[in-house]
$ cat model_39.txt   # compact mmCIF, C-alpha atoms
# COMPACT_ATOMS: atom_id res chain seq x y z
CA MET A 1 6.66 21.72 -21.55
CA ASP A 2 5.38 18.15 -21.61
CA PRO A 3 7.92 15.53 -22.66
CA LYS A 4 7.63 14.08 -26.15
CA ILE A 5 7.86 10.42 -26.95
CA LYS A 6 10.46 9.32 -29.49
CA MET A 7 8.78 6.57 -31.45
CA ASP A 8 12.03 4.67 -32.00
CA ALA A 9 13.45 5.00 -28.50
CA LEU A 10 12.96 2.41 -25.76
CA TYR A 11 10.88 2.94 -22.64
CA VAL A 12 10.44 0.91 -19.47
CA PRO A 13 8.30 1.20 -16.35
CA SER A 14 10.02 3.41 -13.80
CA PRO A 15 11.73 1.50 -10.98
CA ASP A 16 9.88 3.91 -8.68
CA VAL A 17 6.48 2.49 -9.56
CA VAL A 18 4.79 -0.61 -8.20
CA ALA A 19 2.31 -2.16 -10.62
CA ARG A 20 -0.20 -4.77 -9.50
CA GLU A 21 -3.29 -6.18 -11.11
CA ILE A 22 -6.07 -5.69 -8.60
CA GLU A 23 -9.59 -6.86 -9.27
CA GLY A 24 -9.07 -6.81 -13.04
CA GLU A 25 -7.46 -3.37 -13.11
CA LEU A 26 -3.77 -2.53 -13.27
CA ILE A 27 -2.98 -0.23 -10.36
CA LEU A 28 0.20 1.83 -10.44
CA VAL A 29 1.57 3.10 -7.13
CA PRO A 30 4.38 5.64 -7.48
CA ILE A 31 7.09 5.53 -4.85
CA THR A 32 7.19 9.19 -3.88
CA SER A 33 9.76 10.47 -1.40
CA GLY A 34 10.65 6.88 -0.61
CA ILE A 35 7.11 5.83 0.32
CA GLY A 36 4.46 3.85 -1.50
CA ASP A 37 1.56 6.06 -0.57
CA LEU A 38 -1.93 4.71 -1.02
CA GLU A 39 -3.33 8.00 0.22
CA ASP A 40 -1.63 9.95 -2.57
CA GLU A 41 -2.29 9.89 -6.32
CA LEU A 42 -2.49 6.44 -7.86
CA PHE A 43 -3.05 5.49 -11.46
CA THR A 44 -5.00 2.77 -13.18
CA LEU A 45 -4.81 1.60 -16.78
CA ASN A 46 -7.70 0.25 -18.79
CA GLU A 47 -7.37 -2.95 -20.79
CA THR A 48 -5.85 -1.32 -23.87
CA GLY A 49 -3.48 0.68 -21.70
CA ARG A 50 -2.52 -2.55 -20.00
CA ASP A 51 -1.70 -4.11 -23.39
CA ILE A 52 0.75 -1.30 -24.06
CA TRP A 53 2.18 -1.46 -20.52
CA ASP A 54 2.84 -5.19 -20.88
CA LYS A 55 4.97 -4.53 -23.95
CA LEU A 56 7.18 -1.93 -22.26
CA ASP A 57 10.01 -4.38 -21.80
CA GLY A 58 12.88 -2.17 -22.92
CA LYS A 59 13.21 -4.17 -26.14
CA ARG A 60 10.34 -2.80 -28.18
CA SER A 61 10.06 0.81 -29.31
CA PRO A 62 6.69 2.58 -29.23
CA ARG A 63 6.54 2.15 -32.99
CA ALA A 64 7.15 -1.61 -32.71
CA ILE A 65 4.51 -1.82 -29.99
CA ALA A 66 2.04 -0.04 -32.24
CA VAL A 67 2.75 -2.45 -35.10
CA GLU A 68 2.18 -5.43 -32.81
CA LEU A 69 -1.01 -4.00 -31.39
CA ALA A 70 -2.31 -3.12 -34.84
CA ALA A 71 -1.95 -6.76 -35.79
CA GLU A 72 -3.58 -7.93 -32.56
CA TYR A 73 -6.49 -5.49 -32.89
CA SER A 74 -6.77 -5.75 -36.70
CA ALA A 75 -6.44 -1.98 -36.84
CA VAL A 76 -4.63 0.65 -38.87
CA PRO A 77 -1.05 1.03 -37.50
CA GLY A 78 -1.13 4.83 -37.88
CA GLU A 79 -4.14 5.16 -35.56
CA ILE A 80 -2.66 2.83 -33.00
CA GLU A 81 0.62 4.71 -33.13
CA GLU A 82 -1.14 7.89 -32.09
CA ASP A 83 -2.82 6.07 -29.20
CA VAL A 84 0.50 4.56 -28.06
CA ARG A 85 2.17 7.95 -28.32
CA GLY A 86 -0.62 9.63 -26.35
CA LEU A 87 -0.54 7.14 -23.49
CA LEU A 88 3.26 7.01 -23.29
CA GLU A 89 3.50 10.80 -23.20
CA GLU A 90 1.05 10.84 -20.32
CA LEU A 91 3.03 8.13 -18.51
CA LEU A 92 6.32 9.90 -19.20
CA LYS A 93 4.96 13.21 -17.94
CA ARG A 94 4.03 11.53 -14.67
CA ARG A 95 7.36 9.66 -14.51
CA ILE A 96 5.60 6.31 -14.57
CA VAL A 97 7.80 5.27 -17.49
CA VAL A 98 11.36 6.30 -18.21
CA GLU A 99 13.50 6.14 -21.29
CA GLY A 100 15.87 3.22 -21.20
CA GLY A 101 16.04 -0.41 -21.98
CA GLY A 102 18.02 -2.58 -24.32
CA ARG A 103 17.87 -5.29 -21.69
CA MET B 1 -10.61 -8.11 -31.24
CA SER B 2 -11.09 -4.84 -33.09
CA LYS B 3 -9.64 -1.59 -31.76
CA ALA B 4 -13.10 -0.11 -31.56
CA ALA B 5 -14.10 -2.91 -29.21
CA ALA B 6 -10.96 -2.50 -27.13
CA GLY B 7 -11.23 1.29 -26.78
CA LYS B 8 -8.51 3.88 -26.52
CA PRO B 9 -5.75 3.30 -24.01
CA GLY B 10 -6.52 5.28 -20.90
CA LEU B 11 -4.76 6.33 -17.73
CA ARG B 12 -7.01 7.20 -14.82
CA VAL B 13 -5.77 9.23 -11.89
CA VAL B 14 -7.31 8.35 -8.53
CA ARG B 15 -6.73 9.64 -5.06
CA GLY B 16 -5.67 6.62 -3.05
CA GLY B 17 -8.31 7.31 -0.44
CA GLU B 18 -10.98 6.98 -3.13
CA LEU B 19 -10.02 3.41 -3.94
CA SER B 20 -12.16 0.83 -2.24
CA LEU B 21 -9.88 -2.15 -1.85
CA SER B 22 -10.68 -5.55 -0.43
CA GLY B 23 -8.35 -6.99 2.20
CA GLU B 24 -6.76 -9.24 -0.42
CA SER B 25 -6.12 -6.30 -2.75
CA LEU B 26 -4.66 -4.19 0.03
CA LEU B 27 -2.40 -7.10 0.94
CA ALA B 28 -1.21 -7.44 -2.67
CA LEU B 29 -0.24 -3.76 -2.80
CA LEU B 30 1.24 -3.81 0.70
CA GLU B 31 3.44 -6.80 -0.17
CA ALA B 32 4.49 -5.33 -3.51
CA VAL B 33 5.54 -2.01 -2.02
CA LEU B 34 7.32 -3.53 1.00
CA ALA B 35 9.14 -5.93 -1.33
CA LYS B 36 10.76 -2.85 -2.87
CA GLY B 37 12.18 -2.09 0.57
CA VAL B 38 10.13 1.08 1.05
CA PRO B 39 7.39 1.91 3.56
CA PHE B 40 3.71 1.72 2.69
CA ARG B 41 1.18 4.37 3.77
CA PHE B 42 -2.52 3.55 3.90
CA ARG B 43 -5.73 4.19 5.81
CA ALA B 44 -6.56 1.77 8.61
CA ARG B 45 -10.04 0.38 9.01
CA GLY B 46 -11.52 -1.11 12.16
CA PHE B 47 -11.50 -0.65 15.91
CA SER B 48 -9.37 -3.51 17.22
CA MET B 49 -6.46 -1.19 18.10
CA SER B 50 -8.59 1.65 19.41
CA PRO B 51 -7.92 4.10 20.98
CA LEU B 52 -4.26 4.21 19.94
CA ILE B 53 -5.10 3.44 16.30
CA LYS B 54 -8.58 4.53 15.30
CA ASP B 55 -10.71 3.75 12.29
CA GLY B 56 -9.55 6.10 9.51
CA ASP B 57 -6.06 6.78 10.89
CA VAL B 58 -3.32 6.77 8.27
CA LEU B 59 -0.56 4.27 9.01
CA THR B 60 2.93 3.98 7.63
CA VAL B 61 4.24 0.43 7.73
CA ALA B 62 7.99 0.03 7.30
CA PRO B 63 9.52 -3.12 5.84
CA ARG B 64 10.69 -5.39 8.57
CA GLY B 65 14.09 -5.96 7.00
CA GLU B 66 16.56 -7.39 9.47
CA ALA B 67 14.87 -5.76 12.46
CA ARG B 68 14.31 -8.03 15.44
CA LEU B 69 10.68 -8.20 16.44
CA ARG B 70 9.92 -7.30 20.05
CA PRO B 71 6.90 -7.48 22.30
CA GLY B 72 5.13 -4.13 22.06
CA ASP B 73 5.81 -3.66 18.34
CA THR B 74 2.71 -2.89 16.33
CA ILE B 75 2.97 -4.96 13.19
CA ALA B 76 1.14 -5.64 9.95
CA PHE B 77 0.79 -9.34 9.33
CA ILE B 78 -1.20 -11.82 7.30
CA ASN B 79 -4.13 -13.26 9.19
CA PRO B 80 -3.73 -17.02 8.74
CA LEU B 81 -7.49 -17.54 8.96
CA ASN B 82 -8.50 -15.39 6.01
CA GLY B 83 -5.25 -14.27 4.34
CA LYS B 84 -6.04 -10.59 4.94
CA PRO B 85 -3.65 -8.01 6.37
CA VAL B 86 -4.14 -7.05 10.02
CA VAL B 87 -2.41 -4.48 12.22
CA HIS B 88 -2.08 -5.64 15.85
CA ARG B 89 0.48 -5.61 18.65
CA ILE B 90 3.01 -8.33 19.51
CA ILE B 91 2.49 -9.40 23.08
CA ARG B 92 4.94 -12.31 23.09
CA LEU B 93 7.59 -14.07 21.01
CA ASP B 94 7.58 -17.83 20.80
CA ARG B 95 10.35 -19.62 18.85
CA GLY B 96 9.83 -18.33 15.32
CA PHE B 97 6.27 -17.23 16.02
CA VAL B 98 4.74 -14.09 17.45
CA VAL B 99 1.64 -13.90 19.61
CA VAL B 100 -0.35 -10.93 18.42
CA LYS B 101 -3.38 -9.16 19.85
CA GLY B 102 -5.42 -6.06 19.16
CA ASP B 103 -5.28 -3.62 22.06
CA ASN B 104 -9.07 -3.44 22.04
CA VAL B 105 -9.95 -7.12 21.72
CA ALA B 106 -10.07 -9.84 24.33
CA GLU B 107 -8.51 -12.70 22.39
CA THR B 108 -5.11 -13.05 20.73
CA ASP B 109 -4.74 -13.86 17.06
CA GLY B 110 -2.82 -16.97 18.07
CA LEU B 111 0.66 -17.90 16.90
CA ILE B 112 1.69 -16.08 13.76
CA PRO B 113 4.81 -17.33 11.95
CA GLU B 114 7.41 -14.56 11.85
CA ARG B 115 7.57 -14.98 8.08
CA ASP B 116 3.97 -13.73 7.88
CA VAL B 117 4.95 -10.44 9.49
CA LEU B 118 4.82 -7.89 6.68
CA GLY B 119 6.22 -4.87 8.46
CA ILE B 120 6.27 -2.68 11.53
CA VAL B 121 4.00 0.33 12.02
CA ALA B 122 6.34 3.33 11.99
CA SER B 123 3.82 6.12 12.26
CA VAL B 124 0.16 6.86 12.87
CA GLU B 125 -1.50 10.05 11.61
CA ARG B 126 -4.86 11.31 12.77
CA ARG B 127 -6.42 14.32 11.08
CA GLY B 128 -3.01 15.29 9.71
CA LYS B 129 -1.14 15.05 13.03
CA LYS B 130 1.26 12.34 14.15
CA VAL B 131 0.12 10.16 17.03
CA ARG B 132 3.22 8.85 18.74
CA PHE B 133 1.87 7.16 21.86
CA GLY B 134 1.93 3.39 21.60
CA LEU B 135 4.73 3.05 19.07
CA GLY B 136 7.70 3.62 21.39
CA ALA B 137 9.01 1.85 24.47
CA GLU B 138 5.57 2.23 26.07
CA GLY B 139 4.42 -0.42 23.58
CA ARG B 140 6.03 -3.06 25.81
CA LEU B 141 4.02 -1.89 28.77
CA ILE B 142 0.84 -1.90 26.70
CA ALA B 143 1.67 -5.42 25.52
CA PHE B 144 2.21 -6.49 29.14
CA PHE B 145 -1.16 -5.18 30.31
CA SER B 146 -2.93 -6.21 27.11
CA SER B 147 -1.73 -9.82 27.44
CA ARG B 148 -3.31 -9.94 30.92
CA GLY B 149 -6.54 -8.39 29.74
CA LEU B 150 -5.86 -5.28 31.80
CA PHE B 151 -5.20 -2.67 29.13
CA GLY B 152 -8.86 -1.80 28.62
CA LYS B 153 -9.40 -1.44 32.37
CA LEU B 154 -6.29 0.72 32.66
CA LEU B 155 -7.52 2.98 29.87
CA SER B 156 -10.95 3.33 31.44
CA ALA B 157 -9.34 4.25 34.76
CA ALA B 158 -7.05 6.76 33.07
CA LYS B 159 -10.01 8.31 31.27
CA ARG B 160 -11.85 8.69 34.58
CA ILE B 161 -8.84 10.20 36.33
CA PHE B 162 -7.98 12.63 33.55
CA SER B 163 -11.51 13.54 32.50
CA PRO B 164 -12.32 17.28 32.83
CA ALA B 165 -15.14 16.49 35.29
CA THR B 166 -12.76 14.63 37.62
CA ARG B 167 -10.20 17.40 37.43
CA ARG B 168 -12.85 19.99 38.24
CA ARG B 169 -13.92 17.99 41.29
CA ALA B 170 -10.30 17.62 42.39
CA GLY B 171 -9.66 21.34 41.91

$ encode --input "model_39.txt" --output "structure tokens"
Amino acid sequence: MDPKIKMDALYVPSPDVVAREIEGELILVPITSGIGDLEDELFTLNETGRDIWDKLDGKRSPRAIAVELAAEYSAVPGEIEEDVRGLLEELLKRRIVVEGGGR
Amino acid sequence: MSKAAAGKPGLRVVRGGELSLSGESLLALLEAVLAKGVPFRFRARGFSMSPLIKDGDVLTVAPRGEARLRPGDTIAFINPLNGKPVVHRIIRLDRGFVVVKGDNVAETDGLIPERDVLGIVASVERRGKKVRFGLGAEGRLIAFFSSRGLFGKLLSAAKRIFSPATRRRAG
């Protein structure tokens, strides 16, 4: 079963992921079996995904991120919340983010 | 900016081999991964280390860490002329610098500061199989011949000697 995001929990990028902005795109390289493997699966985030990623600092919950983004995008918080939840669930499933924080 | 203009957040999954990265981009990823203290695996491009490393071989570069560099080591380093990553062999050490050269090129890359050495090639894979020759103690011998411009001649001679046609004649 796919993991579910708790909207009031805290999430951070996994320490086993290297993230670098390359040619305008955020590229995520998972460290799998102790190797950063460019020949394996990599992930990229689009601009909106990047906005969410940048806020994953272990201090803001998904709900708080959605509220901030709603203000930045002049959008309805409920809609943004669903988008944040959707992306974070995908990232959590792939172990690109982990629950934690409070730093 | 409206949300409609920004679009939904999206995660795209790509096979690493499908990414077309410039030298600078590859360097950025290489540095970021090695900075974590873990090896980096990627596909080599070019012919300067042929035939021991061929275009399309998959290399694993290990972080240098505290390892002492030695002549014969195949290393990834930053080319001072264009800032791009290169994989060549150390043929000589020179007080905080290394003299590096591709096995298949005539000229050295000049003096490279040791701090620009990103890592050491730990393995080479070709069509799914490990290629070990050139990464062990024999690397020193290759460096010796390569530094005197003899490695190419030696390889050509070896090819002639061990070619099936030669063996048939000998038999």

$ atom_distance --input "model_39.txt" --atom1 "CA of Glu21 in chain A" --atom2 "CA of Val84 in chain A"
20.4 Å

$ residues_around --input "model_39.txt" --residues "Leu92 in chain A" --least-positions-apart "3" --cutoff "10 Å" --atoms "all atoms listed in the file" --output "ChimeraX atom specification"
/A:2-5,11-14,86-89,95-99

$ interface_residues --input "model_39.txt" --of "chain B" --to "chain A" --cutoff "12 Å" --atoms "all atoms listed in the file" --output "PDB file with C-alpha atoms, in the coordinates of the input"
ATOM      1  CA  MET B   1     -10.610  -8.110 -31.240  1.00  0.00           C
ATOM      2  CA  SER B   2     -11.090  -4.840 -33.090  1.00  0.00           C
ATOM      3  CA  LYS B   3      -9.640  -1.590 -31.760  1.00  0.00           C
ATOM      4  CA  ALA B   4     -13.100  -0.110 -31.560  1.00  0.00           C
ATOM      5  CA  ALA B   5     -14.100  -2.910 -29.210  1.00  0.00           C
ATOM      6  CA  ALA B   6     -10.960  -2.500 -27.130  1.00  0.00           C
ATOM      7  CA  GLY B   7     -11.230   1.290 -26.780  1.00  0.00           C
ATOM      8  CA  LYS B   8      -8.510   3.880 -26.520  1.00  0.00           C
ATOM      9  CA  PRO B   9      -5.750   3.300 -24.010  1.00  0.00           C
ATOM     10  CA  GLY B  10      -6.520   5.280 -20.900  1.00  0.00           C
ATOM     11  CA  LEU B  11      -4.760   6.330 -17.730  1.00  0.00           C
ATOM     12  CA  ARG B  12      -7.010   7.200 -14.820  1.00  0.00           C
ATOM     13  CA  VAL B  13      -5.770   9.230 -11.890  1.00  0.00           C
ATOM     14  CA  VAL B  14      -7.310   8.350  -8.530  1.00  0.00           C
ATOM     15  CA  ARG B  15      -6.730   9.640  -5.060  1.00  0.00           C
ATOM     16  CA  GLY B  16      -5.670   6.620  -3.050  1.00  0.00           C
ATOM     17  CA  GLY B  17      -8.310   7.310  -0.440  1.00  0.00           C
ATOM     18  CA  GLU B  18     -10.980   6.980  -3.130  1.00  0.00           C
ATOM     19  CA  LEU B  19     -10.020   3.410  -3.940  1.00  0.00           C
ATOM     20  CA  SER B  20     -12.160   0.830  -2.240  1.00  0.00           C
ATOM     21  CA  LEU B  21      -9.880  -2.150  -1.850  1.00  0.00           C
ATOM     22  CA  SER B  22     -10.680  -5.550  -0.430  1.00  0.00           C
ATOM     23  CA  GLY B  23      -8.350  -6.990   2.200  1.00  0.00           C
ATOM     24  CA  GLU B  24      -6.760  -9.240  -0.420  1.00  0.00           C
ATOM     25  CA  SER B  25      -6.120  -6.300  -2.750  1.00  0.00           C
ATOM     26  CA  LEU B  26      -4.660  -4.190   0.030  1.00  0.00           C
ATOM     27  CA  LEU B  27      -2.400  -7.100   0.940  1.00  0.00           C
ATOM     28  CA  ALA B  28      -1.210  -7.440  -2.670  1.00  0.00           C
ATOM     29  CA  LEU B  29      -0.240  -3.760  -2.800  1.00  0.00           C
ATOM     30  CA  LEU B  30       1.240  -3.810   0.700  1.00  0.00           C
ATOM     31  CA  GLU B  31       3.440  -6.800  -0.170  1.00  0.00           C
ATOM     32  CA  ALA B  32       4.490  -5.330  -3.510  1.00  0.00           C
ATOM     33  CA  VAL B  33       5.540  -2.010  -2.020  1.00  0.00           C
ATOM     34  CA  LEU B  34       7.320  -3.530   1.000  1.00  0.00           C
ATOM     35  CA  ALA B  35       9.140  -5.930  -1.330  1.00  0.00           C
ATOM     36  CA  LYS B  36      10.760  -2.850  -2.870  1.00  0.00           C
ATOM     37  CA  GLY B  37      12.180  -2.090   0.570  1.00  0.00           C
ATOM     38  CA  VAL B  38      10.130   1.080   1.050  1.00  0.00           C
ATOM     39  CA  PRO B  39       7.390   1.910   3.560  1.00  0.00           C
ATOM     40  CA  PHE B  40       3.710   1.720   2.690  1.00  0.00           C
ATOM     41  CA  ARG B  41       1.180   4.370   3.770  1.00  0.00           C
ATOM     42  CA  PHE B  42      -2.520   3.550   3.900  1.00  0.00           C
ATOM     43  CA  ARG B  43      -5.730   4.190   5.810  1.00  0.00           C
ATOM     44  CA  ALA B  44      -6.560   1.770   8.610  1.00  0.00           C
ATOM     45  CA  GLY B  56      -9.550   6.100   9.510  1.00  0.00           C
ATOM     46  CA  ASP B  57      -6.060   6.780  10.890  1.00  0.00           C
ATOM     47  CA  VAL B  58      -3.320   6.770   8.270  1.00  0.00           C
ATOM     48  CA  LEU B  59      -0.560   4.270   9.010  1.00  0.00           C
ATOM     49  CA  THR B  60       2.930   3.980   7.630  1.00  0.00           C
ATOM     50  CA  VAL B  61       4.240   0.430   7.730  1.00  0.00           C
ATOM     51  CA  ALA B  62       7.990   0.030   7.300  1.00  0.00           C
ATOM     52  CA  PRO B  63       9.520  -3.120   5.840  1.00  0.00           C
ATOM     53  CA  ALA B 122       6.340   3.330  11.990  1.00  0.00           C
ATOM     54  CA  GLU B 125      -1.500  10.050  11.610  1.00  0.00           C
ATOM     55  CA  GLY B 128      -3.010  15.290   9.710  1.00  0.00           C
TER      56      GLY B 128
END

$ atom_distance --input "model_39.txt" --atom1 "CA of Lys130 in chain B" --atom2 "CA of Arg68 in chain B"
24.2 Å

$ atom_distance --input "model_39.txt" --atom1 "CA of Asp73 in chain B" --atom2 "CA of Ala158 in chain B"
22.2 Å

$ closest_residue --input "model_39.txt" --among "A:Leu10, A:Pro77, A:Lys93, A:Arg85" --to "Leu56 in chain A" --atoms "all atoms listed in the file"
A:Leu10

$ residues_around --input "model_39.txt" --residues "Pro51 in chain B" --least-positions-apart "2" --cutoff "10 Å" --atoms "only C-alpha atoms" --output "number ranges by chain"
B: 47-49, 53-55, 103-104, 134, 152, 155

$ axis_aligned_box --input "model_39.txt" --around "range 48-58 of chain A" --padding-each-side "6 Å" --output "AutoDock Vina command-line options"
--center_x 3.5 --center_y -2.3 --center_z -22.0 --size_x 30.7 --size_y 17.9 --size_z 16.1

$ residues_around --input "model_39.txt" --residues "Val99 in chain B" --least-positions-apart "4" --cutoff "6 Å" --atoms "only C-alpha atoms" --output "VMD selection string"
chain B and resid 90 to 92 110 to 111
